[in-house]
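Heads up, start_20.txt below (compact mmCIF, C-alpha atoms):
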# COMPACT_ATOMS: atom_id res chain seq x y z
CA MET D 1 8.03 10.09 0.38
CA PHE D 2 7.03 12.90 -1.90
CA GLY D 3 4.92 11.52 -4.62
CA ILE D 4 6.89 8.79 -6.27
CA MET D 5 10.50 9.63 -5.96
CA ALA D 6 13.01 7.69 -7.90
CA SER D 7 14.41 6.33 -4.67
CA GLN D 8 10.98 5.04 -3.78
CA ILE D 9 10.26 3.30 -7.03
CA THR D 10 12.95 0.71 -6.66
CA GLY D 11 13.66 0.88 -2.97
CA HIS D 12 17.28 1.36 -3.83
CA LEU D 13 17.74 3.77 -6.65
CA SER D 14 19.38 2.60 -9.81
CA THR D 15 21.18 5.80 -10.61
CA ASN D 16 21.50 5.10 -14.30
CA SER D 17 17.74 5.16 -14.73
CA TYR D 18 17.03 8.79 -13.89
CA GLU D 19 17.80 11.32 -16.61
CA SER D 20 17.38 15.03 -17.08
CA ILE D 21 15.17 15.81 -20.07
CA ALA D 22 14.99 19.59 -20.03
CA THR D 23 15.12 22.59 -17.72
CA LEU D 24 13.21 25.82 -18.23
CA SER D 25 13.44 29.08 -16.34
CA GLY D 26 10.97 31.88 -15.91
CA THR D 27 11.43 34.91 -18.12
CA GLY D 28 9.65 37.51 -16.02
CA SER D 29 7.34 38.19 -18.96
CA SER D 30 5.34 34.97 -19.23
CA GLY D 31 3.20 32.97 -16.85
CA VAL D 32 3.51 29.77 -18.86
CA ILE D 33 6.25 27.15 -18.85
CA SER D 34 5.94 24.56 -21.63
CA PHE D 35 7.79 21.31 -21.99
CA THR D 36 7.16 20.16 -25.54
CA SER D 37 8.17 17.12 -27.57
CA ILE D 38 8.64 15.03 -24.45
CA PRO D 39 10.22 11.76 -25.55
CA SER D 40 8.26 8.55 -25.01
CA THR D 41 11.33 6.57 -24.07
CA TYR D 42 10.83 6.68 -20.31
CA LYS D 43 8.48 4.88 -17.98
CA HIS D 44 7.72 7.80 -15.66
CA LEU D 45 8.30 11.53 -15.49
CA GLN D 46 9.24 13.69 -12.54
CA LEU D 47 9.06 17.46 -12.53
CA ARG D 48 10.91 19.42 -9.84
CA TYR D 49 10.67 23.18 -9.48
CA ILE D 50 11.08 26.30 -7.46
CA ALA D 51 8.70 29.05 -8.50
CA ARG D 52 7.38 32.50 -7.71
CA ASP D 53 5.02 34.63 -9.75
CA THR D 54 4.64 38.37 -10.11
CA ARG D 55 1.02 38.57 -9.01
CA SER D 56 0.45 41.23 -6.34
CA THR D 57 -0.62 38.88 -3.60
CA SER D 58 0.88 36.80 -0.84
CA GLY D 59 0.23 33.68 1.13
CA GLY D 60 0.08 31.24 -1.73
CA ASN D 61 -0.86 31.43 -5.36
CA THR D 62 -1.88 28.53 -7.55
CA ILE D 63 0.16 26.84 -10.21
CA TYR D 64 -1.76 24.49 -12.47
CA LEU D 65 -0.97 22.00 -15.13
CA THR D 66 -2.34 20.90 -18.47
CA VAL D 67 -0.99 18.26 -20.81
CA ASN D 68 -0.90 17.93 -24.58
CA GLY D 69 -2.51 21.33 -24.91
CA ASP D 70 -5.83 19.94 -23.68
CA SER D 71 -7.90 22.64 -21.98
CA SER D 72 -11.16 20.72 -22.06
CA THR D 73 -12.91 19.43 -18.94
CA ASN D 74 -10.85 16.24 -18.88
CA TYR D 75 -9.13 16.65 -15.52
CA SER D 76 -9.86 16.10 -11.86
CA THR D 77 -7.90 17.05 -8.76
CA HIS D 78 -8.02 16.22 -5.07
CA ASP D 79 -5.84 17.77 -2.40
CA ILE D 80 -5.10 17.94 1.29
CA GLU D 81 -3.40 21.00 2.67
CA ALA D 82 -1.90 22.20 5.94
CA ASN D 83 -1.31 25.84 6.81
CA GLY D 84 0.31 25.51 10.21
CA ALA D 85 -2.96 25.73 12.10
CA SER D 86 -5.47 23.50 10.35
CA VAL D 87 -5.88 20.86 7.69
CA ALA D 88 -8.33 21.07 4.81
CA ALA D 89 -9.19 19.09 1.72
CA GLY D 90 -10.62 20.05 -1.61
CA ALA D 91 -11.45 18.73 -5.04
CA GLU D 92 -12.22 19.79 -8.56
CA THR D 93 -13.97 17.49 -10.98
CA ASN D 94 -14.46 18.02 -14.69
CA GLY D 95 -11.74 20.61 -14.44
CA THR D 96 -9.79 22.12 -17.27
CA ARG D 97 -6.47 21.48 -15.52
CA VAL D 98 -4.75 19.73 -12.66
CA ASN D 99 -5.11 22.33 -9.98
CA PHE D 100 -3.86 23.41 -6.55
CA GLY D 101 -0.08 23.48 -6.80
CA VAL D 102 1.16 26.37 -4.70
CA VAL D 103 3.86 28.99 -5.19
CA THR D 104 4.84 32.34 -3.69
CA SER D 105 3.99 35.70 -5.22
CA ALA D 106 5.20 39.27 -5.43
CA ASN D 107 3.99 40.33 -1.99
CA ASP D 108 5.65 37.46 -0.17
CA GLY D 109 9.03 38.13 1.38
CA ALA D 110 11.94 38.68 -0.94
CA ASN D 111 13.80 35.61 -2.17
CA MET D 112 11.10 33.22 -0.94
CA TYR D 113 9.98 30.56 -3.40
CA GLY D 114 7.46 27.78 -3.52
CA VAL D 115 8.70 24.33 -4.41
CA GLY D 116 7.13 21.22 -5.81
CA ILE D 117 7.70 17.70 -7.04
CA LEU D 118 5.24 16.24 -9.54
CA ASP D 119 5.22 12.61 -10.63
CA ILE D 120 3.50 11.32 -13.75
CA LEU D 121 3.44 7.57 -13.90
CA ASP D 122 3.16 5.58 -17.13
CA TYR D 123 2.83 8.82 -19.02
CA GLN D 124 3.27 7.13 -22.39
CA ASN D 125 0.73 4.35 -21.77
CA VAL D 126 -2.10 4.41 -24.31
CA ASN D 127 -4.43 2.08 -22.43
CA LYS D 128 -5.25 3.97 -19.27
CA ASN D 129 -5.97 7.41 -17.91
CA LYS D 130 -2.97 9.33 -16.61
CA THR D 131 -2.52 10.06 -12.93
CA PHE D 132 -0.44 12.69 -11.18
CA ARG D 133 1.00 12.93 -7.69
CA TRP D 134 2.21 16.29 -6.56
CA LEU D 135 3.64 17.70 -3.37
CA SER D 136 4.12 21.44 -3.18
CA GLY D 137 4.54 24.09 -0.55
CA PHE D 138 6.17 27.22 0.71
CA ASP D 139 7.12 28.75 4.02
CA THR D 140 7.69 32.46 4.55
CA ASN D 141 8.68 32.53 8.23
CA GLY D 142 5.29 33.55 9.49
CA ALA D 143 3.08 31.63 7.14
CA GLY D 144 3.30 28.42 5.22
CA LEU D 145 1.28 26.01 3.17
CA LEU D 146 1.87 22.39 2.27
CA ARG D 147 -0.28 20.55 -0.26
CA PHE D 148 -0.51 16.94 -1.34
CA ILE D 149 -2.31 16.71 -4.66
CA SER D 150 -3.56 13.88 -6.80
CA GLY D 151 -4.86 14.50 -10.27
CA ALA D 152 -6.04 12.70 -13.35
CA TRP D 153 -6.23 13.34 -17.05
CA TYR D 154 -9.03 11.33 -18.58
CA ASN D 155 -7.49 10.38 -21.85
CA PRO D 156 -6.54 6.71 -21.85
CA SER D 157 -5.41 6.50 -25.46
CA THR D 158 -2.88 9.30 -25.76
CA ALA D 159 0.68 9.49 -24.50
CA ILE D 160 1.68 12.70 -22.78
CA ASN D 161 4.06 14.65 -24.99
CA ARG D 162 3.62 18.14 -23.62
CA ILE D 163 3.30 19.71 -20.17
CA ASP D 164 2.26 23.31 -19.54
CA LEU D 165 2.63 24.92 -16.13
CA ASN D 166 0.56 28.03 -15.72
CA ALA D 167 0.56 30.76 -13.13
CA THR D 168 -2.89 31.85 -12.01
CA SER D 169 -1.95 35.32 -13.11
CA GLY D 170 1.25 37.27 -13.42
CA ASN D 171 4.51 35.91 -14.77
CA TRP D 172 7.15 33.49 -13.56
CA THR D 173 10.14 35.31 -12.12
CA THR D 174 13.50 34.77 -13.72
CA ALA D 175 14.75 32.73 -10.75
CA SER D 176 11.87 30.28 -11.14
CA GLN D 177 13.21 27.02 -12.48
CA PHE D 178 11.41 23.92 -13.70
CA ALA D 179 13.33 20.71 -14.37
CA LEU D 180 11.82 17.66 -16.07
CA TYR D 181 13.32 14.21 -15.56
CA GLY D 182 12.63 10.83 -17.08
CA ILE D 183 12.79 7.56 -15.19
CA LYS D 184 13.44 4.44 -17.22
CA GLY D 185 11.64 1.16 -16.85
CA ALA D 186 13.27 -2.22 -17.01
CA MET V 1 21.04 12.02 -21.99
CA ALA V 2 23.24 11.87 -18.96
CA SER V 3 22.08 9.89 -15.96
CA THR V 4 21.75 11.71 -12.71
CA TYR V 5 20.48 11.12 -9.15
CA THR V 6 23.95 10.40 -7.98
CA PRO V 7 24.96 9.28 -4.50
CA ILE V 8 27.31 11.88 -3.04
CA ALA V 9 27.98 10.36 0.35
CA THR V 10 26.56 7.87 2.81
CA THR V 11 27.22 7.04 6.42
CA THR V 12 26.24 4.53 9.05
CA LEU V 13 26.94 5.76 12.54
CA GLY V 14 29.22 3.35 14.39
CA SER V 15 28.29 4.86 17.73
CA ALA V 16 25.75 7.33 19.05
CA ALA V 17 26.49 10.89 18.06
CA ALA V 18 24.95 14.26 18.79
CA SER V 19 25.23 15.18 15.13
CA TYR V 20 26.59 14.20 11.78
CA THR V 21 27.65 16.60 9.04
CA PHE V 22 27.80 16.16 5.29
CA SER V 23 30.43 18.76 4.42
CA SER V 24 32.04 20.06 1.24
CA ILE V 25 28.89 19.36 -0.74
CA PRO V 26 29.68 20.10 -4.38
CA SER V 27 27.64 22.81 -6.07
CA THR V 28 27.43 20.90 -9.33
CA TYR V 29 23.92 19.55 -8.83
CA THR V 30 20.54 21.22 -9.02
CA ASP V 31 18.84 19.46 -6.12
CA LEU V 32 19.91 17.42 -3.14
CA VAL V 33 18.00 14.55 -1.59
CA LEU V 34 18.83 13.48 1.95
CA VAL V 35 17.56 10.06 2.97
CA GLY V 36 17.77 9.00 6.59
CA ASN V 37 16.84 5.94 8.60
CA ALA V 38 17.57 6.56 12.24
CA SER V 39 16.61 6.40 15.86
CA THR V 40 17.52 8.42 18.92
CA THR V 41 18.85 7.63 22.38
CA VAL V 42 16.04 9.18 24.41
CA ALA V 43 12.33 8.58 24.50
CA ASN V 44 11.32 11.85 22.91
CA GLY V 45 14.10 12.77 20.57
CA SER V 46 13.79 14.47 17.23
CA ILE V 47 16.27 14.61 14.39
CA THR V 48 16.71 17.89 12.62
CA MET V 49 18.82 19.75 10.06
CA GLN V 50 20.94 22.88 9.88
CA PHE V 51 22.76 24.22 6.85
CA ASN V 52 26.24 25.67 6.49
CA GLY V 53 26.73 25.61 10.25
CA ASP V 54 24.07 28.28 10.74
CA THR V 55 22.76 27.96 14.30
CA GLY V 56 20.82 31.22 14.19
CA THR V 57 17.07 31.66 14.14
CA ASN V 58 16.97 31.65 10.35
CA TYR V 59 14.73 28.66 9.81
CA SER V 60 10.99 28.12 9.73
CA TYR V 61 8.72 25.26 8.82
CA THR V 62 5.09 24.23 8.39
CA PHE V 63 4.03 20.66 8.81
CA LEU V 64 1.16 18.24 8.38
CA TYR V 65 0.68 15.08 10.38
CA GLY V 66 -1.73 12.22 10.63
CA THR V 67 -2.01 10.02 13.70
CA GLY V 68 -4.31 7.34 12.39
CA SER V 69 -7.35 8.98 13.90
CA ALA V 70 -6.81 12.68 13.25
CA ALA V 71 -4.89 15.10 11.07
CA GLY V 72 -3.29 18.31 12.20
CA SER V 73 -0.88 21.04 11.30
CA SER V 74 1.50 23.33 13.11
CA ARG V 75 4.40 25.55 12.28
CA SER V 76 7.41 27.33 13.71
CA SER V 77 8.95 30.68 12.80
CA ASN V 78 12.42 31.97 13.62
CA ALA V 79 13.52 28.47 14.48
CA GLN V 80 17.07 27.18 14.73
CA ILE V 81 16.38 23.99 12.83
CA ILE V 82 14.21 22.33 10.22
CA GLY V 83 12.93 18.95 11.29
CA LEU V 84 13.91 15.80 9.47
CA MET V 85 12.28 13.18 11.69
CA GLY V 86 9.72 13.80 14.40
CA PHE V 87 7.66 16.97 14.05
CA ALA V 88 4.47 16.07 15.89
CA ALA V 89 5.62 12.80 17.40
CA GLN V 90 9.13 12.12 18.55
CA VAL V 91 11.30 9.21 17.62
CA PRO V 92 11.13 6.58 20.36
CA ILE V 93 14.19 4.75 21.55
CA GLY V 94 15.01 1.85 19.31
CA ASP V 95 12.28 2.69 16.86
CA ARG V 96 13.46 3.27 13.35
CA ALA V 97 12.24 6.44 11.70
CA MET V 98 12.74 7.45 8.13
CA GLY V 99 13.01 10.94 6.73
CA ILE V 100 13.61 12.32 3.29
CA ALA V 101 14.45 15.92 2.60
CA GLN V 102 14.33 17.49 -0.84
CA LEU V 103 16.62 20.51 -1.08
CA GLN V 104 15.75 22.14 -4.37
CA ASN V 105 18.04 24.60 -6.09
CA TYR V 106 20.33 24.36 -3.10
CA SER V 107 23.21 26.14 -4.81
CA ASN V 108 21.15 29.05 -6.11
CA THR V 109 22.55 32.27 -4.64
CA SER V 110 19.57 34.49 -5.44
CA THR V 111 16.86 32.68 -3.49
CA TYR V 112 16.28 31.49 0.04
CA LYS V 113 16.23 27.72 0.31
CA THR V 114 12.94 25.88 0.60
CA VAL V 115 12.94 22.23 1.61
CA LEU V 116 10.28 19.56 1.37
CA VAL V 117 10.44 16.85 4.03
CA ARG V 118 8.50 13.70 4.52
CA ASN V 119 9.02 11.42 7.47
CA ASN V 120 7.58 8.57 9.38
CA PRO V 121 8.85 9.07 12.89
CA SER V 122 7.64 5.82 14.30
CA VAL V 123 6.11 2.57 13.29
CA SER V 124 3.46 3.23 15.90
CA SER V 125 2.68 6.93 15.75
CA THR V 126 2.35 9.36 12.86
CA VAL V 127 3.03 10.13 9.26
CA GLU V 128 4.32 13.62 8.65
CA ALA V 129 5.36 16.05 5.93
CA ALA V 130 6.74 19.54 6.05
CA VAL V 131 7.93 22.49 4.05
CA GLY V 132 10.83 24.40 5.54
CA LEU V 133 12.65 27.62 4.79
CA TRP V 134 16.24 28.65 5.42
CA ARG V 135 16.52 32.38 5.02
CA SER V 136 19.86 32.53 3.29
CA THR V 137 20.92 33.09 -0.28
CA SER V 138 24.13 31.17 0.31
CA ALA V 139 24.62 27.93 -1.53
CA ILE V 140 24.23 25.00 0.80
CA ASN V 141 27.64 23.41 1.21
CA SER V 142 27.07 21.45 4.40
CA ILE V 143 24.15 19.75 6.10
CA THR V 144 24.34 19.01 9.80
CA ILE V 145 21.92 16.38 11.07
CA LEU V 146 21.45 16.76 14.77
CA ALA V 147 19.32 15.31 17.49
CA ILE V 148 17.52 17.66 19.84
CA SER V 149 15.64 17.34 23.10
CA GLY V 150 18.70 15.93 24.81
CA ALA V 151 19.00 13.04 22.43
CA SER V 152 21.79 11.62 20.37
CA ILE V 153 21.43 9.93 17.03
CA ALA V 154 21.65 6.22 17.74
CA SER V 155 24.33 3.89 16.53
CA GLY V 156 23.40 2.19 13.29
CA SER V 157 21.51 5.16 11.93
CA THR V 158 22.11 5.68 8.23
CA PHE V 159 22.09 8.80 6.09
CA THR V 160 22.66 9.11 2.36
CA LEU V 161 22.93 12.26 0.30
CA TYR V 162 22.09 12.26 -3.42
CA GLY V 163 22.57 14.91 -6.05
CA ILE V 164 20.29 15.54 -9.01
CA ALA V 165 21.61 17.56 -11.92
CA ALA V 166 19.26 19.23 -14.35
CA ALA V 167 20.19 19.55 -17.99
Before we go any further, please render this structure as structure tokens.
Amino acid sequence: MFGIMASQITGHLSTNSYESIATLSGTGSSGVISFTSIPSTYKHLQLRYIARDTRSTSGGNTIYLTVNGDSSTNYSTHDIEANGASVAAGAETNGTRVNFGVVTSANDGANMYGVGILDILDYQNVNKNKTFRWLSGFDTNGAGLLRFISGAWYNPSTAINRIDLNATSGNWTTASQFALYGIKGA
Amino acid sequence: MASTYTPIATTTLGSAAASYTFSSIPSTYTDLVLVGNASTTVANGSITMQFNGDTGTNYSYTFLYGTGSAAGSSRSSNAQIIGLMGFAAQVPIGDRAMGIAQLQNYSNTSTYKTVLVRNNPSVSSTVEAAVGLWRSTSAINSITILAISGASIASGSTFTLYGIAAA
């Protein structure tokens, strides 16, 4: 399954345990989406999005994530990707963000968007580092890219209360939409 | 806050069928999640998806697979389907495969529809994932699940469709 989906967590989904927290759309004039004041009342978070940026490129642009406004070298990322012809893997240690999410850009075909599902488990736990599982990809009928990503934020003592999603450059188009959900524990 | 991730419909096939369609899908959700557990009636069948009855060459997909000893990737443009189960390896007779498709912003009428799929086509072959595109700005109001390669979807196969509504 993609990351940890709600249906995977329990085997059979308890549909009263998955709640929408907030939804943000691109403005066309900013490359940052910020979820702030995330409540600590859930066990896990799931972020689902479709996104495209205005950068003048094609074939996949990066979306990256920081939490709690931390831009220090407290992150690491590993990924495996498939482009329709080959498979590759990469990593970034001591990074300033969770890296490698993929979206479409201005020079990709019209109306084509990248998508992703990001899971953050035990985001409010103050006794362990936070881990991320992320599946993202796009297909433009001629090219495509699929990435599995794992990431970590090395801050065991702080609950996550903010998520920022940044375009590499350019802005998020107005049809880009980012929806944050909370999954309750028992 | 309102709970979401709501079951819309579910089915268990009472007999083998070439296809099954979830129709009249409400547009009131943000995302759809299709969960399938199925097998086919031929040795090399695959189970795929079409939207809104569109049988044209308006689909494409890129996939990743792992066989236990190697990883690979392939893709298809101008296809007539997006795979749900069995991209690199087909679904053997009697072997249960599972597939989950994430249809995000399915009712958006300003974007083409991009789908994330993950499936395990066989207990003995591969693990696979894919990203697919349907080049249409129409809201998805039906999903047809169909077997290809001369197969039918086997009796006992189950499919459930969920809706997720963003705030």
Seminar exercise, completed: For Leu133 of chain V, the closest of V:Ala166, V:Leu34, V:Ala79, V:Ala16 counting all atoms listed in the file is V:Ala79
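The interatomic distance for the pair atom CA of Val98 of chain D and atom CA of Tyr29 of chain V works out to 28.9 Å.
With distances restricted to only C-alpha atoms, V:Gly132 is the closest residue to Ala143 of chain D from V:Gly72, V:Gly132, V:Gly150, V:Gly156.
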Exercise. So what do you get for atom CA of Gly142 of chain D versus atom CA of Ala129 of chain V, distance-wise?
Worked result: 17.9 Å
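Taking all atoms listed in the file into account, Ser39 of chain V lies nearest to V:Ile148 out of the set V:Ile25, V:Thr160, V:Ile148, V:Leu116.
You will find atom CA of Thr126 of chain V at 12.4 Å from atom CA of Gly99 of chain V.
Between Ala101 of chain V and the candidates V:Ser155, V:Ser77, V:Thr48, V:Thr55, the tightest atom-to-atom separation, counting all atoms listed in the file, involves V:Thr48.
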